[in-house]
file input34.txt (compact mmCIF, C-alpha atoms)
# COMPACT_ATOMS: atom_id res chain seq x y z
CA MET A 1 12.60 42.65 42.25
CA THR A 2 10.72 41.04 45.13
CA GLY A 3 10.90 41.73 48.86
CA THR A 4 13.66 39.13 49.08
CA GLY A 5 15.83 40.96 46.57
CA LEU A 6 15.31 38.22 43.93
CA LEU A 7 13.92 38.73 40.47
CA ALA A 8 10.34 37.50 40.15
CA ALA A 9 9.69 34.77 37.59
CA PRO A 10 8.03 36.13 34.45
CA GLU A 11 4.33 35.46 33.96
CA PRO A 12 3.80 32.55 31.58
CA ALA A 13 2.50 33.61 28.20
CA LEU A 14 -1.17 32.83 27.74
CA ARG A 15 -1.95 30.56 24.82
CA PRO A 16 -4.41 32.33 22.53
CA ALA A 17 -7.80 30.71 22.12
CA LEU A 18 -7.89 28.48 19.06
CA HIS A 19 -10.65 28.67 16.48
CA PRO A 20 -12.74 25.48 16.69
CA LEU A 21 -12.06 24.71 13.01
CA SER A 22 -8.33 25.44 13.08
CA ALA A 23 -5.86 22.64 12.38
CA GLU A 24 -4.19 23.17 15.75
CA TYR A 25 -7.48 22.76 17.61
CA LEU A 26 -8.46 19.63 15.72
CA ASP A 27 -5.03 18.14 16.31
CA ASP A 28 -5.91 17.89 20.00
CA PHE A 29 -8.38 15.13 19.13
CA TYR A 30 -6.99 13.42 16.03
CA ARG A 31 -3.33 13.45 17.03
CA ASP A 32 -4.21 12.07 20.46
CA GLY A 33 -4.12 8.29 20.75
CA GLY A 34 -7.16 8.12 23.01
CA GLY A 35 -9.40 10.25 20.81
CA ALA A 36 -8.45 8.50 17.58
CA CYS A 37 -8.80 5.03 19.12
CA ALA A 38 -12.23 5.85 20.50
CA ILE A 39 -13.63 7.19 17.24
CA MET A 40 -12.17 4.28 15.22
CA SER A 41 -13.12 1.46 17.60
CA VAL A 42 -15.45 -1.08 15.98
CA ALA A 43 -17.06 -1.54 19.40
CA HIS A 44 -18.48 1.99 19.07
CA PHE A 45 -19.89 1.56 15.55
CA PRO A 46 -23.67 1.37 15.10
CA ASP A 47 -24.63 -1.47 12.75
CA GLU A 48 -25.29 0.86 9.82
CA VAL A 49 -21.76 2.25 9.99
CA LEU A 50 -20.43 -1.22 9.15
CA ALA A 51 -22.55 -1.31 5.98
CA PHE A 52 -21.19 2.12 5.06
CA LEU A 53 -17.62 0.85 5.47
CA GLN A 54 -18.39 -2.19 3.31
CA LEU A 55 -19.71 0.12 0.58
CA GLU A 56 -16.53 2.17 0.80
CA CYS A 57 -14.23 -0.87 0.62
CA LEU A 58 -16.00 -2.30 -2.44
CA ALA A 59 -15.95 1.11 -4.15
CA ALA A 60 -12.22 1.40 -3.49
CA PHE A 61 -11.46 -2.01 -4.98
CA GLN A 62 -13.63 -1.34 -8.03
CA ALA A 63 -11.91 2.02 -8.55
CA ALA A 64 -8.44 0.51 -8.23
CA VAL A 65 -9.29 -1.99 -10.98
CA ALA A 66 -11.30 0.30 -13.27
CA GLU A 67 -8.77 3.14 -13.13
CA ARG A 68 -5.79 0.77 -13.41
CA CYS A 69 -4.23 2.23 -10.29
CA ASP A 70 -0.73 1.07 -9.41
CA ALA A 71 -0.90 1.82 -5.66
CA VAL A 72 -3.34 2.55 -2.83
CA VAL A 73 -2.62 5.57 -0.61
CA GLU A 74 -4.96 5.63 2.39
CA LEU A 75 -5.23 8.92 4.27
CA GLY A 76 -6.35 8.84 7.89
CA CYS A 77 -5.45 5.18 7.65
CA PHE A 78 -5.47 4.38 11.40
CA ASP A 79 -5.44 0.53 11.35
CA GLY A 80 -5.11 0.25 7.57
CA ARG A 81 -8.48 -0.99 6.36
CA ALA A 82 -7.65 -0.18 2.74
CA LEU A 83 -4.60 -2.45 3.02
CA GLU A 84 -7.01 -5.26 2.13
CA VAL A 85 -7.96 -3.39 -1.06
CA ALA A 86 -4.29 -3.19 -2.08
CA ARG A 87 -3.74 -6.84 -1.19
CA ALA A 88 -6.74 -7.96 -3.27
CA ALA A 89 -5.68 -5.77 -6.21
CA GLY A 90 -2.05 -6.92 -5.95
CA ILE A 91 -0.62 -3.40 -5.77
CA PRO A 92 1.50 -1.47 -3.21
CA TYR A 93 -0.07 0.27 -0.23
CA CYS A 94 0.88 3.36 1.76
CA GLY A 95 -0.96 4.35 4.94
CA VAL A 96 -0.79 8.01 6.00
CA ASP A 97 -2.09 9.27 9.33
CA ILE A 98 -1.54 12.29 11.57
CA ASN A 99 -1.51 9.97 14.60
CA GLY A 100 1.96 8.52 15.13
CA THR A 101 0.71 5.82 17.51
CA ALA A 102 -1.73 4.54 14.89
CA VAL A 103 1.00 4.51 12.24
CA ALA A 104 3.30 2.51 14.55
CA ALA A 105 0.54 -0.05 15.18
CA LEU A 106 -0.12 -0.38 11.45
CA ARG A 107 3.59 -0.79 10.80
CA GLU A 108 3.62 -3.66 13.30
CA ARG A 109 0.67 -5.29 11.55
CA ILE A 110 2.43 -5.01 8.20
CA ARG A 111 5.49 -6.68 9.69
CA ASP A 112 3.45 -9.45 11.35
CA GLU A 113 1.71 -10.22 8.05
CA GLY A 114 4.96 -10.24 6.08
CA LEU A 115 3.90 -7.36 3.85
CA GLU A 116 6.98 -5.14 4.18
CA ALA A 117 7.70 -5.46 0.45
CA GLN A 118 4.19 -4.28 -0.45
CA ALA A 119 3.15 -1.84 2.27
CA THR A 120 4.61 1.29 3.86
CA THR A 121 3.42 3.94 6.32
CA LEU A 122 3.92 7.67 6.87
CA VAL A 123 3.03 10.15 9.59
CA GLY A 124 1.48 13.02 7.69
CA ASP A 125 -1.40 15.48 7.42
CA ALA A 126 -3.95 15.04 4.60
CA GLN A 127 -3.93 18.81 4.12
CA GLU A 128 -0.14 18.92 3.71
CA SER A 129 0.36 16.38 0.93
CA VAL A 130 3.19 18.44 -0.55
CA ARG A 131 5.26 17.44 2.51
CA TRP A 132 4.98 13.67 1.91
CA SER A 133 3.79 13.10 -1.66
CA ALA A 134 7.30 12.26 -2.91
CA GLN A 135 7.37 9.25 -0.56
CA VAL A 136 4.21 7.50 -1.77
CA PRO A 137 4.39 4.63 -4.27
CA GLY A 138 2.96 4.55 -7.77
CA ARG A 139 2.45 6.95 -10.65
CA ARG A 140 -1.34 6.36 -10.82
CA PRO A 141 -2.31 5.92 -7.16
CA LEU A 142 -5.78 5.48 -5.76
CA ILE A 143 -5.88 8.06 -2.95
CA VAL A 144 -8.49 7.00 -0.40
CA LEU A 145 -10.17 9.52 1.91
CA PRO A 146 -12.15 7.03 3.99
CA PHE A 147 -14.95 7.19 6.50
CA ASN A 148 -15.93 10.86 6.20
CA LEU A 149 -12.32 12.02 6.61
CA LEU A 150 -13.04 14.93 4.27
CA GLY A 151 -15.68 16.15 6.74
CA ASN A 152 -13.21 16.02 9.62
CA LEU A 153 -10.67 18.35 7.98
CA PRO A 154 -10.51 22.07 8.81
CA ASP A 155 -10.10 22.93 5.11
CA PRO A 156 -11.42 20.26 2.69
CA ARG A 157 -10.76 22.52 -0.31
CA ARG A 158 -7.09 22.84 0.56
CA ALA A 159 -6.76 19.07 0.99
CA LEU A 160 -8.44 18.24 -2.33
CA THR A 161 -6.45 20.83 -4.26
CA GLY A 162 -3.20 19.42 -2.90
CA LEU A 163 -4.19 15.81 -3.58
CA ARG A 164 -5.17 16.61 -7.17
CA ALA A 165 -1.52 17.44 -7.81
CA LEU A 166 -0.57 13.80 -7.11
CA GLY A 167 -2.13 12.91 -10.46
CA GLY A 168 -4.06 9.83 -9.39
CA THR A 169 -7.67 8.93 -8.71
CA ILE A 170 -9.23 10.08 -5.44
CA LEU A 171 -11.90 8.05 -3.66
CA ILE A 172 -13.99 10.14 -1.26
CA SER A 173 -16.32 8.52 1.26
CA VAL A 174 -18.68 10.87 3.15
CA PHE A 175 -21.83 10.82 5.26
CA ASN A 176 -24.93 12.41 3.72
CA GLU A 177 -27.14 15.13 5.21
CA GLN A 178 -30.28 13.04 5.79
CA PRO A 179 -31.95 13.13 9.25
CA ARG A 180 -31.56 9.36 9.66
CA THR A 181 -27.82 9.63 9.03
CA THR A 182 -27.52 12.51 11.49
CA ALA A 183 -29.28 10.37 14.13
CA VAL A 184 -26.92 7.43 13.50
CA ARG A 185 -23.92 9.76 13.73
CA ARG A 186 -25.20 11.25 16.99
CA ALA A 187 -25.52 7.76 18.55
CA TYR A 188 -22.04 6.83 17.28
CA TYR A 189 -20.25 9.97 18.44
CA ALA A 190 -21.99 9.87 21.83
CA ARG A 191 -20.22 6.57 22.52
CA CYS A 192 -16.74 7.92 21.95
CA VAL A 193 -16.69 11.73 22.27
CA THR A 194 -17.15 13.75 25.46
CA GLY A 195 -18.82 17.14 25.43
CA LEU A 196 -20.73 16.33 22.24
CA THR A 197 -22.82 19.24 20.96
CA GLU A 198 -26.14 19.06 19.20
CA PRO A 199 -25.72 19.09 15.41
CA ALA A 200 -25.51 22.47 13.70
CA GLN A 201 -25.66 23.47 10.04
CA GLY A 202 -22.31 22.73 8.40
CA ARG A 203 -20.45 24.43 5.58
CA TYR A 204 -21.45 21.88 2.93
CA GLY A 205 -25.17 21.37 3.35
CA GLY A 206 -24.91 18.79 6.12
CA ALA A 207 -24.78 18.59 9.91
CA VAL A 208 -21.66 19.33 11.95
CA PHE A 209 -20.96 17.81 15.38
CA ARG A 210 -18.33 19.15 17.78
CA GLY A 211 -16.94 17.80 21.02
CA ALA A 212 -14.11 17.97 23.53
CA ARG A 213 -10.43 18.22 22.52
CA GLY A 214 -11.30 19.60 19.10
CA PHE A 215 -13.52 16.83 17.75
CA CYS A 216 -15.35 18.04 14.66
CA SER A 217 -17.14 16.11 11.93
CA GLU A 218 -19.54 17.32 9.27
CA SER A 219 -21.54 15.66 6.52
CA PHE A 220 -22.24 16.72 2.94
CA SER A 221 -25.24 17.18 0.72
CA ALA A 222 -24.71 15.95 -2.84
CA PRO A 223 -25.07 19.42 -4.46
CA ALA A 224 -22.61 21.01 -2.01
CA LEU A 225 -20.08 18.20 -2.44
CA HIS A 226 -20.32 18.36 -6.23
CA ARG A 227 -19.81 22.12 -6.11
CA LEU A 228 -16.75 21.72 -3.89
CA LEU A 229 -15.28 19.18 -6.31
CA ARG A 230 -15.80 21.51 -9.28
CA GLU A 231 -14.16 24.38 -7.38
CA CYS A 232 -11.13 22.13 -6.79
CA GLY A 233 -10.87 21.21 -10.47
CA LEU A 234 -12.06 17.62 -9.98
CA VAL A 235 -14.53 15.63 -12.07
CA ILE A 236 -16.58 12.66 -10.90
CA ARG A 237 -15.69 9.34 -12.52
CA SER A 238 -18.09 7.10 -10.60
CA GLN A 239 -20.22 7.12 -7.48
CA THR A 240 -22.24 4.76 -5.34
CA ALA A 241 -24.36 5.30 -2.25
CA ASN A 242 -26.43 3.73 0.48
CA ARG A 243 -28.79 5.45 2.91
CA LEU A 244 -25.95 6.58 5.18
CA GLY A 245 -23.56 8.12 2.68
CA ARG A 246 -21.78 7.96 -0.65
CA SER A 247 -18.42 7.03 -2.16
CA LEU A 248 -17.16 8.89 -5.23
CA THR A 249 -14.10 8.53 -7.40
CA VAL A 250 -12.77 11.77 -8.89
CA ARG A 251 -9.83 12.92 -10.99
CA GLY A 252 -8.35 16.22 -12.06
CA ALA A 253 -10.26 17.91 -14.88

call {"tool": "encode", "arguments": {"input": "input34.txt", "output": "structure tokens"}}
result
Amino acid sequence: MTGTGLLAAPEPALRPALHPLSAEYLDDFYRDGGGACAIMSVAHFPDEVLAFLQLECLAAFQAAVAERCDAVVELGCFDGRALEVARAAGIPYCGVDINGTAVAALRERIRDEGLEAQATTLVGDAQESVRWSAQVPGRRPLIVLPFNLLGNLPDPRRALTGLRALGGTILISVFNEQPRTTAVRRAYYARCVTGLTEPAQGRYGGAVFRGARGFCSESFSAPALHRLLRECGLVIRSQTANRLGRSLTVRGA
């Protein structure tokens, strides 16, 4: 009771502090339209990032053909860059992203380009493939983890183990651990992330950057990435690289 004879309102429950690598913390950045748009804006890309994306796109097309994939499933699709891979290969496409605004924009693009019969979209988490895997097309899909997406996930091992169950080929595109790459990443992230920290040693032999609203991105050394793949029961089918990073295709052992 208060001095007025009325019951006092209960104190609001305090939200517990979130671990900086927890899914809930990272959602603050990647689910948010502003954060995702900033990190994926071409206007923020250093020139070398564009070459890295070209490498990734060519690797994806070559994998789709070589592995005789019957669909492209792009995780963290945002604006659907791998849609062009599916179009060139003449196979269905499905874009999956945790950001509902990005998925809606991609759906509009698909409609504008008259690709409704070939392309679909889903709002989903790369680490929770069991929740949406039944909705993706194809029996031998090429599952694309583009643009260092694996290094942005709280639990890469969990994601890869779940994706292996889909039975297709997985294309993984990641930044390497070299000092030049770390410098390019620092310049890139500084354009689109507030509160950016200095790089620290990551879990997989590379450098990890953190920023406001849960931004987190880490790179991979080749030995650490290969070890992670083995631990997830995946074998390398092909790989290509430039001085910024590498793209690998893998399948279940």

call {"tool": "residues_near_point", "arguments": {"input": "input34.txt", "point": "(1.2, 8.8, -9.2)", "cutoff": "12 Å", "atoms": "all atoms listed in the file", "output": "short mmCIF file (atom, residue, chain, number, x, y, z; two decimals) with C-alpha atoms, in the coordinates of the input"}}
result
data_model
loop_
_atom_site.label_atom_id
_atom_site.label_comp_id
_atom_site.auth_asym_id
_atom_site.auth_seq_id
_atom_site.Cartn_x
_atom_site.Cartn_y
_atom_site.Cartn_z
CA ARG A 68 -5.79 0.77 -13.41
CA CYS A 69 -4.23 2.23 -10.29
CA ASP A 70 -0.73 1.07 -9.41
CA ALA A 71 -0.90 1.82 -5.66
CA VAL A 72 -3.34 2.55 -2.83
CA VAL A 73 -2.62 5.57 -0.61
CA PRO A 92 1.50 -1.47 -3.21
CA SER A 133 3.79 13.10 -1.66
CA ALA A 134 7.30 12.26 -2.91
CA GLN A 135 7.37 9.25 -0.56
CA VAL A 136 4.21 7.50 -1.77
CA PRO A 137 4.39 4.63 -4.27
CA GLY A 138 2.96 4.55 -7.77
CA ARG A 139 2.45 6.95 -10.65
CA ARG A 140 -1.34 6.36 -10.82
CA PRO A 141 -2.31 5.92 -7.16
CA LEU A 142 -5.78 5.48 -5.76
CA ILE A 143 -5.88 8.06 -2.95
CA LEU A 163 -4.19 15.81 -3.58
CA ARG A 164 -5.17 16.61 -7.17
CA ALA A 165 -1.52 17.44 -7.81
CA LEU A 166 -0.57 13.80 -7.11
CA GLY A 167 -2.13 12.91 -10.46
CA GLY A 168 -4.06 9.83 -9.39
CA THR A 169 -7.67 8.93 -8.71
CA ILE A 170 -9.23 10.08 -5.44
CA ARG A 251 -9.83 12.92 -10.99
#

call {"tool": "residues_around", "arguments": {"input": "input34.txt", "residues": "Thr101 (chain A)", "least_positions_apart": "2", "cutoff": "10 Å", "atoms": "all atoms listed in the file", "output": "list in words"}}
result
Arg31, Asp32, Gly33, Gly34, Ala36, Cys37, Phe78, Asp97, Ile98, Asn99, Val103, Ala104, Ala105, Leu106, Arg107 and Val123 of chain A

call {"tool": "closest_residue", "arguments": {"input": "input34.txt", "among": "A:Arg87, A:Arg186, A:Arg131, A:Arg237", "to": "Ile110 (chain A)", "atoms": "all atoms listed in the file"}}
result
A:Arg87

call {"tool": "closest_residue", "arguments": {"input": "input34.txt", "among": "A:Pro46, A:Gln54, A:Glu108, A:Phe29", "to": "Ala187 (chain A)", "atoms": "only C-alpha atoms"}}
result
A:Pro46

call {"tool": "closest_residue", "arguments": {"input": "input34.txt", "among": "A:Ala207, A:Val250, A:Ala212, A:Val130", "to": "Cys232 (chain A)", "atoms": "only C-alpha atoms"}}
result
A:Val250

call {"tool": "atom_distance", "arguments": {"input": "input34.txt", "atom1": "CA of Glu74 (chain A)", "atom2": "CA of Gly95 (chain A)"}}
result
4.9 Å

call {"tool": "atom_distance", "arguments": {"input": "input34.txt", "atom1": "CA of Thr240 (chain A)", "atom2": "CA of Phe45 (chain A)"}}
result
21.3 Å

call {"tool": "atom_distance", "arguments": {"input": "input34.txt", "atom1": "CA of Ala60 (chain A)", "atom2": "CA of Val42 (chain A)"}}
result
19.9 Å

call {"tool": "axis_aligned_box", "arguments": {"input": "input34.txt", "around": "region 235-240 of chain A", "padding_each_side": "3 Å", "output": "JSON"}}
result
{"center_x": -18.4, "center_y": 10.2, "center_z": -8.9, "size_x": 13.7, "size_y": 16.9, "size_z": 13.2}

call {"tool": "residues_around", "arguments": {"input": "input34.txt", "residues": "Ser217 (chain A)", "least_positions_apart": "4", "cutoff": "7 Å", "atoms": "all atoms listed in the file", "output": "list of chain:residue names"}}
result
A:Gly151, A:Asn152, A:Val208, A:Phe209, A:Arg210

call {"tool": "write_last_selection", "arguments": {"input": "input34.txt", "atoms": "C-alpha atoms", "output": "mmCIF file, in the coordinates of the input"}}
result
data_model
loop_
_atom_site.group_PDB
_atom_site.id
_atom_site.type_symbol
_atom_site.label_atom_id
_atom_site.label_comp_id
_atom_site.auth_asym_id
_atom_site.auth_seq_id
_atom_site.Cartn_x
_atom_site.Cartn_y
_atom_site.Cartn_z
ATOM 1 C CA GLY A 151 -15.680 16.150 6.740
ATOM 2 C CA ASN A 152 -13.210 16.020 9.620
ATOM 3 C CA VAL A 208 -21.660 19.330 11.950
ATOM 4 C CA PHE A 209 -20.960 17.810 15.380
ATOM 5 C CA ARG A 210 -18.330 19.150 17.780
#

call {"tool": "closest_residue", "arguments": {"input": "input34.txt", "among": "A:Arg230, A:Arg111, A:Arg185, A:Arg157", "to": "Cys216 (chain A)", "atoms": "only C-alpha atoms"}}
result
A:Arg185

call {"tool": "closest_residue", "arguments": {"input": "input34.txt", "among": "A:Tyr188, A:Tyr204, A:Phe220, A:Phe175", "to": "Ala38 (chain A)", "atoms": "only C-alpha atoms"}}
result
A:Tyr188
